[in-house]
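Data block below; observations after.
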Amino acid sequence: MEDEVEETKKIGISSGFNKKRAEGKDKSRPKDLKLKVRRLNPVNTISYVQQILGTGMDTQDTSPSVLLFFDKQRFIFNAGEGLQRFCTEHKIKLSKIDHIFLSRVCSETAGGLPGLLLTLASTGEEGISVNVWGPSDFKYLVDAMKSFIPNAAMVHTRCFGPSGKSDRGLVNNDPERLNDQMKLIDDEVVKISAILLRPKTHGLKEDELAIKSSDISVLYICELPEIRGKFDPEKAKALGLRPGPKYRELQEGLSVKSDSKDIMIDPDDVLGPSVPGPIVLLVDCPTLSHFQEILSAQALENYYTDIAEEKHKIVNCVIHLTPSSVVNSSDYQKWISRFGGAEHIMTGHQMKNIQIPILQSSARVATRLNYVCPQFFPAPGFWSLQRSTCSNDGTDLKLCKTVSAENLLKFHLRPYAQLGLDRSGIPIKAGPNEIINDLILEIPEISDAAKQVSQLWESEEEDAGDVVTFMEVDKNINKEPWVNQNYVPRCLENITKENVEIVLLGTGSSQPSKYRNVSSIFINLFSKGSLLLDCGEGTLGQLKRRFGIEGADNAVKGLKCIWISHIHADHHTGLARILALRRDLLKGVPHEPLIVIGPRQLKRFLDAYERLEDLDMQFLDCRHTTQDSLASFESNYNNQLNNYELPDENKIKNTLFSKGSQMQSLWKRGVDPVDSNISYPIIENLKNMLSDAGLENVISFPVVHCPQAFGVVLKGMDTVDCDGGMIPGWKIVYSGDTRPCPELVEASKGATVLIHEATFEDALVEEAIARNHSTTSEAIEMGNSAGAYRIILTHFSQRYPKIPVFDQTYMHKTCIAFDMMSINFADLHVLPRVLPYLKLLFKNEMIVDESDDVEDAVTLAA
């Protein structure tokens with residue numbers, strides 16, 4: 001390790017970093033593992049289907065996920081964003097998943113796939129491959145994910161339908177037979193088959209070619225083998241068979257020869273009547289146009305009870321992933337009544353469940369934070385859809401037996417005696433009042449704390465020493481360092497509540513946990529729009545929890561730009577879901593494509609998604625938005641030239657990546673002139689966007705973490721005060737993931753707010769160096785060296801699930817970030833003063849309390 005550590009010494013910064021990791025040379029190549037096949041257990045004493053992600057209950061941000069459970073095997077249907085976070089909270093083990101099925105191939109159903117594959121690559125059995133099944137050719141998407149998923153060689157795509165290509169050749173390309181039943185898996189445990197549903201098109205046959213992969217949906221049929229009848233030893237004896245191994249062979253379905261007679265004995269001769277195996281259907285019918293395909297699917301006639309045939313198959317459970325707008329149509333209701341006594345579980349976004357948060361642990365913490373400091377932790381956004389636009393609790397479905405899906409609702413398949421619904425695992429509902437009452441019982445002094453927090457706004461001149469006298473924690477601190485620091489930078493003199501707000505949507509690292517989502521920062525410019533800095537999985541859900549359904553939709557429509565720091569999965573895998581929603585919200589409305597700024601590797605991932613669905617975006621490499629690159633653009637722009645090129649990196653002075661530096665290898669790759677010419681008009685669009693948003697610049701700068709890792713500076717425009725004097729614009733700096741480095745200090749000089757990663761506590765500095773992250777004290781030192789007015793620490797290791805370990809002594813201008821924390825610039829002067837109260841809130845939870853259900857998976861995203 002010592003050989004890998006380099007030193008950077010400049011502007012007062014002296015710290016090591018892992019050079020091999022920064023250059024991308026520390027990744028071990030995937031092992032050439034011999035593929036294993038998981039040992040099947042045909043007996044399977046336990047089997048059930050379970051809704052494991054109650055999507056849409058409070059956010060409508062993704063698609064429901066369903067688990068098909070067997071003793072030794074697991075199957076997942078759909079992997080929307082938030083899946084692994086939900087499973088972590090409820091201790092649902094994902095390590096035995098061999099197969100993932102997608103009912104559609106789009107960001108809604110596959111947004112959580114990268115995170116799930118990361119987890120499986122780390123925790124799954126070595127050598128076991130993960131098979132991802134889906135309609136049409138989504139292999140490009142999985143291949144693009146392999147750039148940031150370790151052991152990706154163990155992931156295999158299994159495409160079926162038109163243009164489908166898979167690793168092992170399961171293909172059905174006949175467009176006239178798309179609604180036939182295609183057998184995907186058929187073994188002694190389960191038979192899974194699929195019927196493709198393609199929206200009906202009008203006009204010429206060539207119209208079919210215009211259908212994107214994301215337009216095709218799937219109806220999955222899961223059939224368990226029949227249960228053989230009970231063995232009758234008296235019948236066996238009468239046929240001349242002695243007790244022994246032949247008894248078992250008959251029970252396993254094999255014929256045997258009689259011991260005393262010259263006859264063969266078949267299983268039917270000695271077994272009672274068999275019981276048909278349970279059958280489950282999963283139906284994703286997104287539109288009424290798709291529903292016409294269901295009606296014409298001849299393969300389904302075997303499962304209808306109104307067909308006059310003796311051997312029709314009895315369906316026990318139908319899980320409807322179909323939206324309520326389709327479910328409530330009279331034709332759809334008549335169709336589902338054809339399955340006789342089957343239990344119908346409706347997972348569409350139903351009003352019955354809007355009061356039930358999907359992530360209850362996170363909601364509990366948010367409620368407690370809101371009680372203590374509602375100024376920085378507003379109450380979650382209210383449900384904004386009208387009741388008339390949503391399905392109710394299912395009372396209007398008169399034609400058959402239906403039930404509204406709930407989180408962790410089960411339908412038992414084995415043992416046969418338990419066949420049916422099981423509600424015992426459904427989480428207990430707790431409202432805000434119950435949560436607050438529990439909090440006051442647990443920490444009685446919290447009521448006084450909440451009152452004193454409100455006084456920070458009511459009486460800002462109050463002596464700070466009196467403010468914290470109630471606390472038992474921090475007894476050694478008699479007077480806070482910020483008492484004599486009443487200085488407010490000039491850029492905040494005329495600031496109002498309608499200027500700038502920083503909303504921390506995700507403050508954890510590596511993978512989502514119960515209490516912290518992964519990285520995402522929403523910069524709210526109110527009437528002038530908004531920006532996103534990083535966009536980890538679940539960003540859309542967090543936006544909807546913060547602003548409500550309608551408020552989040554407006555926020556997404558108002559996005560001016562999304563900036564991504566580096567290619568690790570915890571910083572960008574929520575991007576496609578945001579882009580897809582914006583596309584849908586602005587359909588038919590004149591608008592410009594959204595500008596996404598990120599490292600060049602990100603474009604491959606986005607290009608793969610765009611083969612499946614239009615994301616309505618323009619991509620700009622972070623290198624085109626460095627200070628030198630933008631200066632070159634301005635020069636060419638002013639001279640009305642159209643041959644913009646990046647400056648020669650060998651001429652860049654005093655940067656971390658300059659010629660002769662340790663990090664030069666990260667910056668020496670040449671720039672394709674074609675790429676530069678394409679970027680020129682996008683940079684011009686960016687310039688116009690910044691002007692509309694009241695921003696002077698969005699400037700990227702290199703940092704020390706991995707190849708092509710960046711931080712960013714957002715600079716507000718200068719304004720004029722009432723006397724005609726110039727007020728400088730505010731400045732937000734976000735570090736991305738990094739070790740302390742001179743580039744960051746230089747970029748942060750005079751920052752109004754520095755948002756800095758602080759992945760590790762100070763005692764873990766060696767681990768921070770090995771993984772090119774920062775400790776709490778290092779992040780604060782960076783802010784102090786740059787003269788930042790306020791420092792916000794974020795991106796905490798998931799070993800600190802609620803609050804990280806920190807030294808209060810050095811926090812006079814600093815605050816710890818929490819998910820949903822909303823910091824308005826008009827309140828920046830108060831920000832450090834609330835930290836002691838937040839620390840009181842978690843006084844019993846300063847160390848990890850969930851070692852069984854949160855794995856510190858920092859290495860997964862690497």
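Identifiers for the structure tokens are assigned positionally: chains receive A, B, ... in sequence, residues are indexed from 1 per chain, and ligands are indexed from 1 in the order shown.
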Considering only strand (DSSP E or B) as DSSP defines it on the backbone, what residues of stretch 77-164 of chain A qualify? List them as a PDB file with C-alpha atoms, in the first residue's frame.
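Written output follows (selection.pdb):
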ATOM      1  CA  PHE A  77     -39.605  -9.635 -11.733  1.00  0.00           C
ATOM      2  CA  ILE A  97     -31.135 -14.583  -7.177  1.00  0.00           C
ATOM      3  CA  ASP A  98     -30.223 -16.307 -10.436  1.00  0.00           C
ATOM      4  CA  HIS A  99     -32.796 -14.746 -12.728  1.00  0.00           C
ATOM      5  CA  ILE A 100     -34.136 -11.220 -13.173  1.00  0.00           C
ATOM      6  CA  PHE A 101     -37.116 -10.758 -15.492  1.00  0.00           C
ATOM      7  CA  ILE A 128     -23.042 -18.442 -10.316  1.00  0.00           C
ATOM      8  CA  VAL A 130     -27.028 -13.868 -13.103  1.00  0.00           C
ATOM      9  CA  ASN A 131     -29.437 -14.071 -16.023  1.00  0.00           C
ATOM     10  CA  VAL A 132     -31.354 -10.956 -17.016  1.00  0.00           C
ATOM     11  CA  TRP A 133     -34.387 -11.625 -19.192  1.00  0.00           C
ATOM     12  CA  GLY A 134     -36.329  -9.058 -21.163  1.00  0.00           C
ATOM     13  CA  PRO A 135     -38.167  -8.366 -24.397  1.00  0.00           C
ATOM     14  CA  VAL A 155     -24.052 -11.329 -16.038  1.00  0.00           C
ATOM     15  CA  HIS A 156     -25.839 -12.785 -19.056  1.00  0.00           C
ATOM     16  CA  THR A 157     -28.580 -11.143 -21.086  1.00  0.00           C
ATOM     17  CA  ARG A 158     -31.420 -13.326 -22.313  1.00  0.00           C
ATOM     18  CA  CYS A 159     -33.400 -11.347 -24.876  1.00  0.00           C
ATOM     19  CA  PHE A 160     -36.517 -12.602 -26.589  1.00  0.00           C
TER      20      PHE A 160
END
Env of A:Ile597: 12 Å cut, atoms = only C-alpha atoms, seq-sep filter 2 positions within chain, self excluded. Answer as a PyMOL selection string. chain A and resi 531-535+560-567+572+575+594-595+599-603+606+617-626+679+682-683+686+698-700+710-712
Closest of A:Tyr800, A:Tyr303, A:Phe291, A:Phe231 to A:Ile216 - atom-to-atom distances counting only C-alpha atoms: A:Phe291
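Remark: for A:Leu408, the closest of the candidate residues A:Asp71, A:Glu89, A:Glu634, A:Asp762 is A:Glu89 (distances computed over only C-alpha atoms).
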Residue nearest A:Ser691 among A:Gly541, A:Gly787, A:Gly244, A:Gly529 (counting only C-alpha atoms): A:Gly529
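Here atom CA of A:Phe825 and atom CA of A:Ala449 stand 23.0 Å from one another.
Ranking A:Glu761, A:Lys246, A:Lys235, A:Ala297 by their shortest atom-to-atom distance to A:Asp180, with only C-alpha atoms included, puts A:Ala297 first.
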When you count only C-alpha atoms, which of these residues is closest to A:Gln627: A:Ile195, A:Ile578, A:Ser330, A:Glu743?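 Closest residue, counting only C-alpha atoms: A:Glu743.
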Shell around stretch 253-264 of chain A at 8 Å using only C-alpha atoms, local window under 3 positions removed, as a list in words: Leu239, Gly240, Leu241, Arg242, Lys246, Glu249, Leu250 and Pro267 of chain A
Residues near A:Gly729, anyone? I mean within 7 Å using only C-alpha atoms, not counting same-chain ones fewer than 2 positions away, as number ranges by chain. A: 491, 715-719, 727, 731
Go ahead and save the picked residues with C-alpha atoms, as a short mmCIF file (atom, residue, chain, number, x, y, z; two decimals), in the first residue's frame.
data_model
loop_
_atom_site.label_atom_id
_atom_site.label_comp_id
_atom_site.auth_asym_id
_atom_site.auth_seq_id
_atom_site.Cartn_x
_atom_site.Cartn_y
_atom_site.Cartn_z
CA CYS A 491 -23.17 38.08 -1.70
CA LYS A 715 -21.37 30.88 -9.74
CA GLY A 716 -24.37 33.19 -9.48
CA MET A 717 -24.44 36.43 -11.45
CA ASP A 718 -23.45 39.70 -9.84
CA THR A 719 -26.31 41.98 -8.83
CA ILE A 727 -22.96 42.73 -5.10
CA LYS A 731 -20.63 30.55 -5.20
#
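Across the model, the gap from atom CA of A:Arg104 to atom CA of A:Ala580 is 14.0 Å.
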Judged by only C-alpha atoms, the minimum distance to A:Val190 among A:Ser65, A:Thr752, A:Asn328, A:Ser47 is found for A:Ser47
Which residues, written as a list in words, have at least one atom at most 8 Å from A:His344, with only C-alpha atoms counted and residues fewer than 4 positions away on the same chain left out?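 Answer for this query is Cys317, Val318, Ile319, His320, Cys400, Lys401, Thr402 and Val403 of chain A.
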Mind giving me the straight-line distance from atom CA of A:Ile307 to atom CA of A:Val218 in Å, one decimal? 23.2 Å
Step one, run DSSP on the backbone; step two, keep only residues of stretch 223-278 of chain A assigned to alpha helix (DSSP H); then write them as a PyMOL selection string. chain A and resi 233-238+245-251+267-270
Quick one: everything within 12 Å of A:Ala366, counting only C-alpha atoms, minus sequence neighbours fewer than 2 positions away in the same chain. Send it as a PyMOL selection string. chain A and resi 357+359-364+368-374+376-381+432+435-436+505+514-516+542+545-546+802+818-822+838+841
Next, dump the selected residues to file, keeping only N, CA and C atoms, as a short mmCIF file (atom, residue, chain, number, x, y, z; two decimals), in the first residue's frame.
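Wrote it out as again_10.cif, contents follow:
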data_model
loop_
_atom_site.label_atom_id
_atom_site.label_comp_id
_atom_site.auth_asym_id
_atom_site.auth_seq_id
_atom_site.Cartn_x
_atom_site.Cartn_y
_atom_site.Cartn_z
N PRO A 357 -45.57 5.19 3.45
CA PRO A 357 -44.29 5.40 2.77
C PRO A 357 -43.63 4.07 2.42
N LEU A 359 -40.37 3.56 2.12
CA LEU A 359 -39.18 3.42 2.97
C LEU A 359 -39.51 3.98 4.34
N GLN A 360 -40.01 3.12 5.24
CA GLN A 360 -40.55 3.60 6.50
C GLN A 360 -39.46 4.07 7.46
N SER A 361 -38.30 3.42 7.46
CA SER A 361 -37.23 3.86 8.36
C SER A 361 -36.76 5.26 8.00
N SER A 362 -36.58 5.51 6.70
CA SER A 362 -36.18 6.83 6.25
C SER A 362 -37.25 7.87 6.58
N ALA A 363 -38.54 7.50 6.39
CA ALA A 363 -39.62 8.42 6.70
C ALA A 363 -39.66 8.75 8.19
N ARG A 364 -39.34 7.78 9.01
CA ARG A 364 -39.32 8.00 10.46
C ARG A 364 -38.26 9.02 10.84
N ARG A 368 -38.72 12.92 12.44
CA ARG A 368 -38.04 13.37 13.66
C ARG A 368 -37.22 14.64 13.39
N LEU A 369 -36.53 14.67 12.27
CA LEU A 369 -35.75 15.86 11.92
C LEU A 369 -36.66 17.06 11.70
N ASN A 370 -37.80 16.83 11.06
CA ASN A 370 -38.75 17.91 10.83
C ASN A 370 -39.28 18.48 12.14
N TYR A 371 -39.46 17.63 13.13
CA TYR A 371 -39.94 18.09 14.44
C TYR A 371 -38.93 19.01 15.11
N VAL A 372 -37.66 18.65 15.01
CA VAL A 372 -36.61 19.45 15.68
C VAL A 372 -36.32 20.73 14.91
N CYS A 373 -36.23 20.65 13.58
CA CYS A 373 -35.83 21.83 12.80
C CYS A 373 -36.59 21.87 11.48
N PRO A 374 -37.85 22.31 11.51
CA PRO A 374 -38.63 22.35 10.26
C PRO A 374 -38.08 23.34 9.24
N PHE A 376 -34.95 23.63 8.21
CA PHE A 376 -34.03 22.92 7.32
C PHE A 376 -34.57 21.55 6.89
N PHE A 377 -35.64 21.09 7.53
CA PHE A 377 -36.22 19.79 7.19
C PHE A 377 -37.74 19.94 7.03
N PRO A 378 -38.17 20.51 5.89
CA PRO A 378 -39.61 20.71 5.67
C PRO A 378 -40.36 19.38 5.69
N ALA A 379 -41.65 19.45 6.02
CA ALA A 379 -42.48 18.25 5.99
C ALA A 379 -42.52 17.71 4.56
N PRO A 380 -42.57 16.40 4.40
CA PRO A 380 -42.62 15.82 3.05
C PRO A 380 -43.77 16.37 2.24
N GLY A 381 -43.56 16.44 0.92
CA GLY A 381 -44.59 16.97 0.04
C GLY A 381 -45.86 16.16 0.09
N PRO A 432 -47.14 10.33 11.58
CA PRO A 432 -46.25 11.33 12.20
C PRO A 432 -46.50 11.50 13.70
N ILE A 435 -44.85 8.73 15.62
CA ILE A 435 -43.39 8.85 15.57
C ILE A 435 -42.90 9.93 16.54
N ILE A 436 -43.58 11.06 16.57
CA ILE A 436 -43.16 12.15 17.46
C ILE A 436 -43.39 11.78 18.91
N LEU A 505 -30.64 15.40 -1.56
CA LEU A 505 -31.54 14.27 -1.80
C LEU A 505 -30.92 12.95 -1.36
N LYS A 514 -30.96 2.08 4.70
CA LYS A 514 -32.26 2.39 5.28
C LYS A 514 -32.46 3.90 5.44
N TYR A 515 -31.39 4.60 5.83
CA TYR A 515 -31.55 6.00 6.23
C TYR A 515 -30.95 7.00 5.25
N ARG A 516 -30.04 6.57 4.40
CA ARG A 516 -29.40 7.50 3.48
C ARG A 516 -29.41 6.92 2.07
N GLN A 542 -36.69 10.47 -4.22
CA GLN A 542 -36.37 11.46 -3.18
C GLN A 542 -36.99 12.82 -3.52
N ARG A 545 -40.60 12.59 -2.60
CA ARG A 545 -40.82 12.62 -1.16
C ARG A 545 -40.66 14.04 -0.61
N ARG A 546 -39.75 14.79 -1.19
CA ARG A 546 -39.50 16.16 -0.71
C ARG A 546 -40.57 17.13 -1.19
N LYS A 802 -27.02 6.74 10.46
CA LYS A 802 -27.85 7.90 10.79
C LYS A 802 -27.03 9.17 10.94
N PHE A 818 -28.11 15.56 5.93
CA PHE A 818 -29.05 14.45 6.04
C PHE A 818 -29.93 14.46 4.80
N ASP A 819 -30.44 13.29 4.45
CA ASP A 819 -31.36 13.22 3.31
C ASP A 819 -32.54 14.16 3.53
N MET A 820 -32.93 14.87 2.49
CA MET A 820 -34.05 15.81 2.46
C MET A 820 -33.75 17.14 3.15
N MET A 821 -32.53 17.30 3.63
CA MET A 821 -32.17 18.59 4.24
C MET A 821 -32.22 19.68 3.17
N SER A 822 -32.93 20.76 3.46
CA SER A 822 -33.14 21.83 2.50
C SER A 822 -32.60 23.13 3.09
N LEU A 838 -29.19 18.45 16.32
CA LEU A 838 -29.30 17.22 15.52
C LEU A 838 -28.50 16.11 16.17
N LEU A 841 -30.52 14.61 18.81
CA LEU A 841 -31.56 13.75 18.25
C LEU A 841 -31.06 12.32 18.08
#
